[in-house]
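Asks: Structure file data.cif (mmCIF, N, CA and C atoms, pLDDT in the B column; chains and numbers go by the auth columns) is given on the next line.
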```
data_start
#
loop_
_atom_site.group_PDB
_atom_site.id
_atom_site.type_symbol
_atom_site.label_atom_id
_atom_site.label_comp_id
_atom_site.label_asym_id
_atom_site.label_seq_id
_atom_site.Cartn_x
_atom_site.Cartn_y
_atom_site.Cartn_z
_atom_site.B_iso_or_equiv
_atom_site.auth_seq_id
_atom_site.auth_asym_id
ATOM 1 N N MET A 1 22.763 17.215 42.171 69.00 1 A
ATOM 2 C CA MET A 1 23.451 17.985 41.176 69.00 1 A
ATOM 3 C C MET A 1 22.444 18.792 40.368 69.00 1 A
ATOM 4 N N GLU A 2 22.621 20.073 40.337 82.00 2 A
ATOM 5 C CA GLU A 2 21.718 20.950 39.597 82.00 2 A
ATOM 6 C C GLU A 2 22.200 21.098 38.155 82.00 2 A
ATOM 7 N N THR A 3 21.230 21.357 37.289 81.00 3 A
ATOM 8 C CA THR A 3 21.585 21.580 35.881 81.00 3 A
ATOM 9 C C THR A 3 21.671 23.078 35.623 81.00 3 A
ATOM 10 N N SER A 4 22.533 23.431 34.715 87.00 4 A
ATOM 11 C CA SER A 4 22.704 24.838 34.377 87.00 4 A
ATOM 12 C C SER A 4 21.539 25.287 33.495 87.00 4 A
ATOM 13 N N PRO A 5 21.324 26.601 33.388 86.00 5 A
ATOM 14 C CA PRO A 5 20.241 27.099 32.524 86.00 5 A
ATOM 15 C C PRO A 5 20.403 26.650 31.068 86.00 5 A
ATOM 16 N N GLY A 6 21.626 26.550 30.600 85.00 6 A
ATOM 17 C CA GLY A 6 21.850 26.082 29.234 85.00 6 A
ATOM 18 C C GLY A 6 21.430 24.635 29.047 85.00 6 A
ATOM 19 N N GLU A 7 21.712 23.795 30.040 88.00 7 A
ATOM 20 C CA GLU A 7 21.305 22.398 29.975 88.00 7 A
ATOM 21 C C GLU A 7 19.793 22.260 30.070 88.00 7 A
ATOM 22 N N GLN A 8 19.166 23.098 30.894 89.00 8 A
ATOM 23 C CA GLN A 8 17.711 23.075 31.004 89.00 8 A
ATOM 24 C C GLN A 8 17.060 23.450 29.682 89.00 8 A
ATOM 25 N N LEU A 9 17.611 24.456 29.013 88.00 9 A
ATOM 26 C CA LEU A 9 17.081 24.870 27.723 88.00 9 A
ATOM 27 C C LEU A 9 17.238 23.752 26.701 88.00 9 A
ATOM 28 N N LEU A 10 18.383 23.093 26.719 87.00 10 A
ATOM 29 C CA LEU A 10 18.621 21.984 25.799 87.00 10 A
ATOM 30 C C LEU A 10 17.628 20.852 26.049 87.00 10 A
ATOM 31 N N LEU A 11 17.379 20.531 27.298 87.00 11 A
ATOM 32 C CA LEU A 11 16.431 19.466 27.623 87.00 11 A
ATOM 33 C C LEU A 11 15.005 19.833 27.228 87.00 11 A
ATOM 34 N N GLN A 12 14.682 21.112 27.245 89.00 12 A
ATOM 35 C CA GLN A 12 13.353 21.543 26.844 89.00 12 A
ATOM 36 C C GLN A 12 13.205 21.566 25.325 89.00 12 A
ATOM 37 N N LEU A 13 14.270 21.882 24.609 93.00 13 A
ATOM 38 C CA LEU A 13 14.188 21.971 23.161 93.00 13 A
ATOM 39 C C LEU A 13 14.397 20.628 22.461 93.00 13 A
ATOM 40 N N LEU A 14 14.948 19.662 23.132 92.00 14 A
ATOM 41 C CA LEU A 14 15.228 18.373 22.524 92.00 14 A
ATOM 42 C C LEU A 14 13.973 17.680 21.998 92.00 14 A
ATOM 43 N N PRO A 15 12.885 17.572 22.750 93.00 15 A
ATOM 44 C CA PRO A 15 11.679 16.930 22.203 93.00 15 A
ATOM 45 C C PRO A 15 11.105 17.689 20.999 93.00 15 A
ATOM 46 N N LEU A 16 11.149 18.998 21.040 94.00 16 A
ATOM 47 C CA LEU A 16 10.660 19.794 19.922 94.00 16 A
ATOM 48 C C LEU A 16 11.518 19.556 18.687 94.00 16 A
ATOM 49 N N THR A 17 12.823 19.497 18.863 94.00 17 A
ATOM 50 C CA THR A 17 13.732 19.254 17.754 94.00 17 A
ATOM 51 C C THR A 17 13.501 17.875 17.142 94.00 17 A
ATOM 52 N N ILE A 18 13.293 16.884 17.975 95.00 18 A
ATOM 53 C CA ILE A 18 13.033 15.529 17.490 95.00 18 A
ATOM 54 C C ILE A 18 11.717 15.488 16.727 95.00 18 A
ATOM 55 N N MET A 19 10.694 16.167 17.229 94.00 19 A
ATOM 56 C CA MET A 19 9.393 16.185 16.567 94.00 19 A
ATOM 57 C C MET A 19 9.475 16.886 15.211 94.00 19 A
ATOM 58 N N VAL A 20 10.169 18.006 15.142 95.00 20 A
ATOM 59 C CA VAL A 20 10.328 18.718 13.872 95.00 20 A
ATOM 60 C C VAL A 20 11.090 17.855 12.869 95.00 20 A
ATOM 61 N N ALA A 21 12.116 17.172 13.320 96.00 21 A
ATOM 62 C CA ALA A 21 12.882 16.295 12.425 96.00 21 A
ATOM 63 C C ALA A 21 12.017 15.145 11.922 96.00 21 A
ATOM 64 N N PHE A 22 11.182 14.577 12.779 94.00 22 A
ATOM 65 C CA PHE A 22 10.303 13.487 12.377 94.00 22 A
ATOM 66 C C PHE A 22 9.272 13.952 11.354 94.00 22 A
ATOM 67 N N VAL A 23 8.671 15.113 11.570 92.00 23 A
ATOM 68 C CA VAL A 23 7.691 15.646 10.624 92.00 23 A
ATOM 69 C C VAL A 23 8.353 15.958 9.285 92.00 23 A
ATOM 70 N N ALA A 24 9.538 16.548 9.319 94.00 24 A
ATOM 71 C CA ALA A 24 10.250 16.862 8.078 94.00 24 A
ATOM 72 C C ALA A 24 10.590 15.582 7.310 94.00 24 A
ATOM 73 N N PHE A 25 11.049 14.553 7.993 95.00 25 A
ATOM 74 C CA PHE A 25 11.361 13.288 7.333 95.00 25 A
ATOM 75 C C PHE A 25 10.108 12.645 6.753 95.00 25 A
ATOM 76 N N SER A 26 9.009 12.692 7.487 91.00 26 A
ATOM 77 C CA SER A 26 7.750 12.128 6.998 91.00 26 A
ATOM 78 C C SER A 26 7.262 12.860 5.759 91.00 26 A
ATOM 79 N N LEU A 27 7.347 14.180 5.771 92.00 27 A
ATOM 80 C CA LEU A 27 6.930 14.952 4.601 92.00 27 A
ATOM 81 C C LEU A 27 7.829 14.654 3.409 92.00 27 A
ATOM 82 N N TRP A 28 9.122 14.543 3.636 95.00 28 A
ATOM 83 C CA TRP A 28 10.058 14.266 2.555 95.00 28 A
ATOM 84 C C TRP A 28 9.748 12.918 1.887 95.00 28 A
ATOM 85 N N THR A 29 9.508 11.887 2.693 93.00 29 A
ATOM 86 C CA THR A 29 9.210 10.581 2.113 93.00 29 A
ATOM 87 C C THR A 29 7.859 10.585 1.399 93.00 29 A
ATOM 88 N N THR A 30 6.890 11.288 1.960 90.00 30 A
ATOM 89 C CA THR A 30 5.576 11.370 1.321 90.00 30 A
ATOM 90 C C THR A 30 5.665 12.102 -0.011 90.00 30 A
ATOM 91 N N ILE A 31 6.444 13.165 -0.074 93.00 31 A
ATOM 92 C CA ILE A 31 6.621 13.899 -1.329 93.00 31 A
ATOM 93 C C ILE A 31 7.246 13.000 -2.386 93.00 31 A
ATOM 94 N N ARG A 32 8.242 12.228 -2.005 94.00 32 A
ATOM 95 C CA ARG A 32 8.894 11.328 -2.972 94.00 32 A
ATOM 96 C C ARG A 32 7.926 10.281 -3.501 94.00 32 A
ATOM 97 N N ILE A 33 7.096 9.722 -2.629 88.00 33 A
ATOM 98 C CA ILE A 33 6.127 8.713 -3.049 88.00 33 A
ATOM 99 C C ILE A 33 5.091 9.336 -3.982 88.00 33 A
ATOM 100 N N LEU A 34 4.589 10.518 -3.625 88.00 34 A
ATOM 101 C CA LEU A 34 3.578 11.159 -4.461 88.00 34 A
ATOM 102 C C LEU A 34 4.126 11.543 -5.824 88.00 34 A
ATOM 103 N N ARG A 35 5.353 12.001 -5.888 91.00 35 A
ATOM 104 C CA ARG A 35 5.950 12.349 -7.181 91.00 35 A
ATOM 105 C C ARG A 35 6.135 11.124 -8.056 91.00 35 A
ATOM 106 N N LYS A 36 6.536 9.998 -7.459 88.00 36 A
ATOM 107 C CA LYS A 36 6.676 8.773 -8.242 88.00 36 A
ATOM 108 C C LYS A 36 5.324 8.274 -8.748 88.00 36 A
ATOM 109 N N ALA A 37 4.270 8.563 -7.996 86.00 37 A
ATOM 110 C CA ALA A 37 2.929 8.158 -8.411 86.00 37 A
ATOM 111 C C ALA A 37 2.356 9.107 -9.452 86.00 37 A
ATOM 112 N N GLY A 38 2.979 10.262 -9.655 87.00 38 A
ATOM 113 C CA GLY A 38 2.514 11.204 -10.654 87.00 38 A
ATOM 114 C C GLY A 38 1.700 12.353 -10.102 87.00 38 A
ATOM 115 N N TYR A 39 1.656 12.482 -8.803 89.00 39 A
ATOM 116 C CA TYR A 39 0.905 13.576 -8.170 89.00 39 A
ATOM 117 C C TYR A 39 1.859 14.677 -7.731 89.00 39 A
ATOM 118 N N SER A 40 1.292 15.825 -7.404 91.00 40 A
ATOM 119 C CA SER A 40 2.077 16.941 -6.901 91.00 40 A
ATOM 120 C C SER A 40 2.514 16.646 -5.464 91.00 40 A
ATOM 121 N N GLY A 41 3.705 17.083 -5.128 90.00 41 A
ATOM 122 C CA GLY A 41 4.205 16.898 -3.770 90.00 41 A
ATOM 123 C C GLY A 41 3.484 17.730 -2.732 90.00 41 A
ATOM 124 N N TRP A 42 2.764 18.750 -3.191 92.00 42 A
ATOM 125 C CA TRP A 42 2.028 19.610 -2.258 92.00 42 A
ATOM 126 C C TRP A 42 0.921 18.858 -1.517 92.00 42 A
ATOM 127 N N TRP A 43 0.469 17.732 -2.071 90.00 43 A
ATOM 128 C CA TRP A 43 -0.543 16.936 -1.390 90.00 43 A
ATOM 129 C C TRP A 43 -0.036 16.430 -0.036 90.00 43 A
ATOM 130 N N SER A 44 1.254 16.355 0.119 89.00 44 A
ATOM 131 C CA SER A 44 1.819 15.831 1.367 89.00 44 A
ATOM 132 C C SER A 44 1.507 16.726 2.564 89.00 44 A
ATOM 133 N N LEU A 45 1.231 17.989 2.330 90.00 45 A
ATOM 134 C CA LEU A 45 0.888 18.876 3.447 90.00 45 A
ATOM 135 C C LEU A 45 -0.420 18.465 4.126 90.00 45 A
ATOM 136 N N LEU A 46 -1.299 17.794 3.397 89.00 46 A
ATOM 137 C CA LEU A 46 -2.548 17.335 4.002 89.00 46 A
ATOM 138 C C LEU A 46 -2.325 16.187 4.979 89.00 46 A
ATOM 139 N N THR A 47 -1.168 15.545 4.901 86.00 47 A
ATOM 140 C CA THR A 47 -0.902 14.460 5.843 86.00 47 A
ATOM 141 C C THR A 47 -0.640 14.969 7.255 86.00 47 A
ATOM 142 N N ILE A 48 -0.444 16.264 7.400 87.00 48 A
ATOM 143 C CA ILE A 48 -0.227 16.839 8.729 87.00 48 A
ATOM 144 C C ILE A 48 -1.552 16.976 9.481 87.00 48 A
ATOM 145 N N LEU A 49 -2.640 17.202 8.753 89.00 49 A
ATOM 146 C CA LEU A 49 -3.944 17.394 9.379 89.00 49 A
ATOM 147 C C LEU A 49 -4.526 16.054 9.808 89.00 49 A
ATOM 148 N N PRO A 50 -5.042 15.966 11.030 89.00 50 A
ATOM 149 C CA PRO A 50 -5.448 14.670 11.580 89.00 50 A
ATOM 150 C C PRO A 50 -6.491 13.902 10.772 89.00 50 A
ATOM 151 N N LEU A 51 -7.580 14.485 10.373 92.00 51 A
ATOM 152 C CA LEU A 51 -8.610 13.738 9.663 92.00 51 A
ATOM 153 C C LEU A 51 -8.352 13.728 8.162 92.00 51 A
ATOM 154 N N ALA A 52 -7.759 14.779 7.663 90.00 52 A
ATOM 155 C CA ALA A 52 -7.502 14.869 6.227 90.00 52 A
ATOM 156 C C ALA A 52 -6.502 13.820 5.767 90.00 52 A
ATOM 157 N N ASN A 53 -5.558 13.453 6.618 88.00 53 A
ATOM 158 C CA ASN A 53 -4.561 12.465 6.192 88.00 53 A
ATOM 159 C C ASN A 53 -5.193 11.108 5.902 88.00 53 A
ATOM 160 N N ILE A 54 -6.179 10.716 6.664 91.00 54 A
ATOM 161 C CA ILE A 54 -6.854 9.444 6.425 91.00 54 A
ATOM 162 C C ILE A 54 -7.610 9.490 5.104 91.00 54 A
ATOM 163 N N ILE A 55 -8.282 10.596 4.849 91.00 55 A
ATOM 164 C CA ILE A 55 -9.050 10.744 3.607 91.00 55 A
ATOM 165 C C ILE A 55 -8.113 10.765 2.401 91.00 55 A
ATOM 166 N N VAL A 56 -7.007 11.499 2.499 88.00 56 A
ATOM 167 C CA VAL A 56 -6.065 11.593 1.380 88.00 56 A
ATOM 168 C C VAL A 56 -5.453 10.227 1.080 88.00 56 A
ATOM 169 N N ILE A 57 -5.049 9.501 2.090 85.00 57 A
ATOM 170 C CA ILE A 57 -4.482 8.172 1.874 85.00 57 A
ATOM 171 C C ILE A 57 -5.521 7.251 1.232 85.00 57 A
ATOM 172 N N TRP A 58 -6.759 7.324 1.674 90.00 58 A
ATOM 173 C CA TRP A 58 -7.834 6.506 1.114 90.00 58 A
ATOM 174 C C TRP A 58 -8.056 6.845 -0.361 90.00 58 A
ATOM 175 N N VAL A 59 -8.093 8.125 -0.688 88.00 59 A
ATOM 176 C CA VAL A 59 -8.305 8.554 -2.075 88.00 59 A
ATOM 177 C C VAL A 59 -7.148 8.099 -2.957 88.00 59 A
ATOM 178 N N PHE A 60 -5.919 8.303 -2.525 85.00 60 A
ATOM 179 C CA PHE A 60 -4.772 7.905 -3.333 85.00 60 A
ATOM 180 C C PHE A 60 -4.657 6.387 -3.460 85.00 60 A
ATOM 181 N N ALA A 61 -5.119 5.662 -2.490 85.00 61 A
ATOM 182 C CA ALA A 61 -5.032 4.200 -2.545 85.00 61 A
ATOM 183 C C ALA A 61 -5.935 3.629 -3.636 85.00 61 A
ATOM 184 N N PHE A 62 -7.089 4.260 -3.868 89.00 62 A
ATOM 185 C CA PHE A 62 -8.039 3.710 -4.825 89.00 62 A
ATOM 186 C C PHE A 62 -8.159 4.514 -6.112 89.00 62 A
ATOM 187 N N ALA A 63 -7.368 5.554 -6.268 86.00 63 A
ATOM 188 C CA ALA A 63 -7.403 6.368 -7.490 86.00 63 A
ATOM 189 C C ALA A 63 -6.465 5.769 -8.536 86.00 63 A
ATOM 190 N N ASP A 64 -6.732 6.104 -9.794 85.00 64 A
ATOM 191 C CA ASP A 64 -5.802 5.735 -10.864 85.00 64 A
ATOM 192 C C ASP A 64 -4.614 6.669 -10.794 85.00 64 A
ATOM 193 N N TRP A 65 -3.419 6.101 -10.736 81.00 65 A
ATOM 194 C CA TRP A 65 -2.219 6.923 -10.626 81.00 65 A
ATOM 195 C C TRP A 65 -1.818 7.433 -12.002 81.00 65 A
ATOM 196 N N PRO A 66 -1.572 8.742 -12.121 84.00 66 A
ATOM 197 C CA PRO A 66 -1.157 9.292 -13.408 84.00 66 A
ATOM 198 C C PRO A 66 0.116 8.649 -13.953 84.00 66 A
ATOM 199 N N ALA A 67 1.023 8.239 -13.120 78.00 67 A
ATOM 200 C CA ALA A 67 2.263 7.615 -13.593 78.00 67 A
ATOM 201 C C ALA A 67 1.982 6.281 -14.263 78.00 67 A
ATOM 202 N N LEU A 68 0.998 5.539 -13.781 75.00 68 A
ATOM 203 C CA LEU A 68 0.660 4.260 -14.396 75.00 68 A
ATOM 204 C C LEU A 68 -0.085 4.466 -15.704 75.00 68 A
ATOM 205 N N ARG A 69 -0.920 5.508 -15.779 77.00 69 A
ATOM 206 C CA ARG A 69 -1.612 5.812 -17.042 77.00 69 A
ATOM 207 C C ARG A 69 -0.616 6.221 -18.109 77.00 69 A
ATOM 208 N N ALA A 70 0.396 6.981 -17.741 73.00 70 A
ATOM 209 C CA ALA A 70 1.385 7.429 -18.710 73.00 70 A
ATOM 210 C C ALA A 70 2.246 6.264 -19.197 73.00 70 A
ATOM 211 N N ARG A 71 2.440 5.279 -18.366 72.00 71 A
ATOM 212 C CA ARG A 71 3.262 4.118 -18.729 72.00 71 A
ATOM 213 C C ARG A 71 2.557 3.247 -19.773 72.00 71 A
ATOM 214 N N ASN A 72 1.224 3.163 -19.681 66.00 72 A
ATOM 215 C CA ASN A 72 0.459 2.292 -20.606 66.00 72 A
ATOM 216 C C ASN A 72 0.160 2.956 -21.883 66.00 72 A
#
```
Translate this file's structure into structure tokens.

Replies:
Amino acid sequence: METSPGEQLLLQLLPLTIMVAFVAFSLWTTIRILRKAGYSGWWSLLTILPLANIIVIWVFAFADWPALRARN
């Protein structure tokens, strides 16, 4: 059974669509976490870069969070 051109296009775009949805969801959750910590949500864009994401997570893990300073 052969697939139609429309089905072939759908099968080719499905992995791309899933990947875009996963990246968007990851960025959304990262933005929410950073905002609750008191940082700008724009920092979440660095999580897309392969080496920068490790450095950013390391820095945020050991930095003083502005939200905690404001609470005290």

Asks: Please report the interatomic distance between atom N of Leu11 of chain A and atom C of Val23 of chain A in Å with one decimal.

Replies: 20.7 Å

Asks: Neighbours of segment 54-59 of chain A within 9 Å (only C-alpha atoms; same-chain residues fewer than 6 positions away dropped), as JSON, numbers by chain?

Replies: {"A": [43, 44, 46, 47]}

Asks: So, with only C-alpha atoms as the atoms that count, which of A:Ile48, A:Ser40, A:Arg35, A:Glu2 lies closest to Phe22 of chain A?

Replies: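 Among the listed residues, A:Ile48 lies closest to Phe22 of chain A.
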
Asks: As lines of an AutoDock Vina configuration file, please report the centre and edge lengths, rounded to one decimal in Å, of the axis-aligned box that holds all listed atoms of segment 46-65 of chain A with 5 Å of padding on each of the six sides.

Replies:
```
center_x = -4.6
center_y = 10.7
center_z = -0.2
size_x = 18.8
size_y = 24.2
size_z = 33.6
```

Asks: Could you state which residues are captured by the PyMOL selection byres (((chain A and resi 31 and name CA) around 12) and name CA) in this file, as a CSV table (one decimal) with N, CA and C atoms, in the frame of the given file?

Replies:
```
chain,number,residue,atom,x,y,z
A,24,ALA,N,9.5,16.5,9.3
A,24,ALA,CA,10.2,16.9,8.1
A,24,ALA,C,10.6,15.6,7.3
A,25,PHE,N,11.0,14.6,8.0
A,25,PHE,CA,11.4,13.3,7.3
A,25,PHE,C,10.1,12.6,6.8
A,26,SER,N,9.0,12.7,7.5
A,26,SER,CA,7.8,12.1,7.0
A,26,SER,C,7.3,12.9,5.8
A,27,LEU,N,7.3,14.2,5.8
A,27,LEU,CA,6.9,15.0,4.6
A,27,LEU,C,7.8,14.7,3.4
A,28,TRP,N,9.1,14.5,3.6
A,28,TRP,CA,10.1,14.3,2.6
A,28,TRP,C,9.7,12.9,1.9
A,29,THR,N,9.5,11.9,2.7
A,29,THR,CA,9.2,10.6,2.1
A,29,THR,C,7.9,10.6,1.4
A,30,THR,N,6.9,11.3,2.0
A,30,THR,CA,5.6,11.4,1.3
A,30,THR,C,5.7,12.1,0.0
A,32,ARG,N,8.2,12.2,-2.0
A,32,ARG,CA,8.9,11.3,-3.0
A,32,ARG,C,7.9,10.3,-3.5
A,33,ILE,N,7.1,9.7,-2.6
A,33,ILE,CA,6.1,8.7,-3.0
A,33,ILE,C,5.1,9.3,-4.0
A,34,LEU,N,4.6,10.5,-3.6
A,34,LEU,CA,3.6,11.2,-4.5
A,34,LEU,C,4.1,11.5,-5.8
A,35,ARG,N,5.4,12.0,-5.9
A,35,ARG,CA,6.0,12.3,-7.2
A,35,ARG,C,6.1,11.1,-8.1
A,36,LYS,N,6.5,10.0,-7.5
A,36,LYS,CA,6.7,8.8,-8.2
A,36,LYS,C,5.3,8.3,-8.7
A,37,ALA,N,4.3,8.6,-8.0
A,37,ALA,CA,2.9,8.2,-8.4
A,37,ALA,C,2.4,9.1,-9.5
A,38,GLY,N,3.0,10.3,-9.7
A,38,GLY,CA,2.5,11.2,-10.7
A,38,GLY,C,1.7,12.4,-10.1
A,39,TYR,N,1.7,12.5,-8.8
A,39,TYR,CA,0.9,13.6,-8.2
A,39,TYR,C,1.9,14.7,-7.7
A,40,SER,N,1.3,15.8,-7.4
A,40,SER,CA,2.1,16.9,-6.9
A,40,SER,C,2.5,16.6,-5.5
A,41,GLY,N,3.7,17.1,-5.1
A,41,GLY,CA,4.2,16.9,-3.8
A,41,GLY,C,3.5,17.7,-2.7
A,42,TRP,N,2.8,18.8,-3.2
A,42,TRP,CA,2.0,19.6,-2.3
A,42,TRP,C,0.9,18.9,-1.5
A,43,TRP,N,0.5,17.7,-2.1
A,43,TRP,CA,-0.5,16.9,-1.4
A,43,TRP,C,0.0,16.4,0.0
A,44,SER,N,1.3,16.4,0.1
A,44,SER,CA,1.8,15.8,1.4
A,44,SER,C,1.5,16.7,2.6
A,45,LEU,N,1.2,18.0,2.3
A,45,LEU,CA,0.9,18.9,3.4
A,45,LEU,C,-0.4,18.5,4.1
A,46,LEU,N,-1.3,17.8,3.4
A,46,LEU,CA,-2.5,17.3,4.0
A,46,LEU,C,-2.3,16.2,5.0
A,47,THR,N,-1.2,15.5,4.9
A,47,THR,CA,-0.9,14.5,5.8
A,47,THR,C,-0.6,15.0,7.3
```

Asks: Quick one: pull the distance between atom N of Ala63 of chain A and atom CA of Leu51 of chain A, Å, one decimal.

Replies: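 Computed distance, atom N of Ala63 of chain A to atom CA of Leu51 of chain A, equals 18.0 Å.
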
Asks: Would you please give, as an NGL selection string, all residues of segment 27-69 of chain A that DSSP assigns to helix (DSSP H, G or I) based on the backbone?

Replies: :A and (27-37 or 41-48 or 50-62 or 66-69)
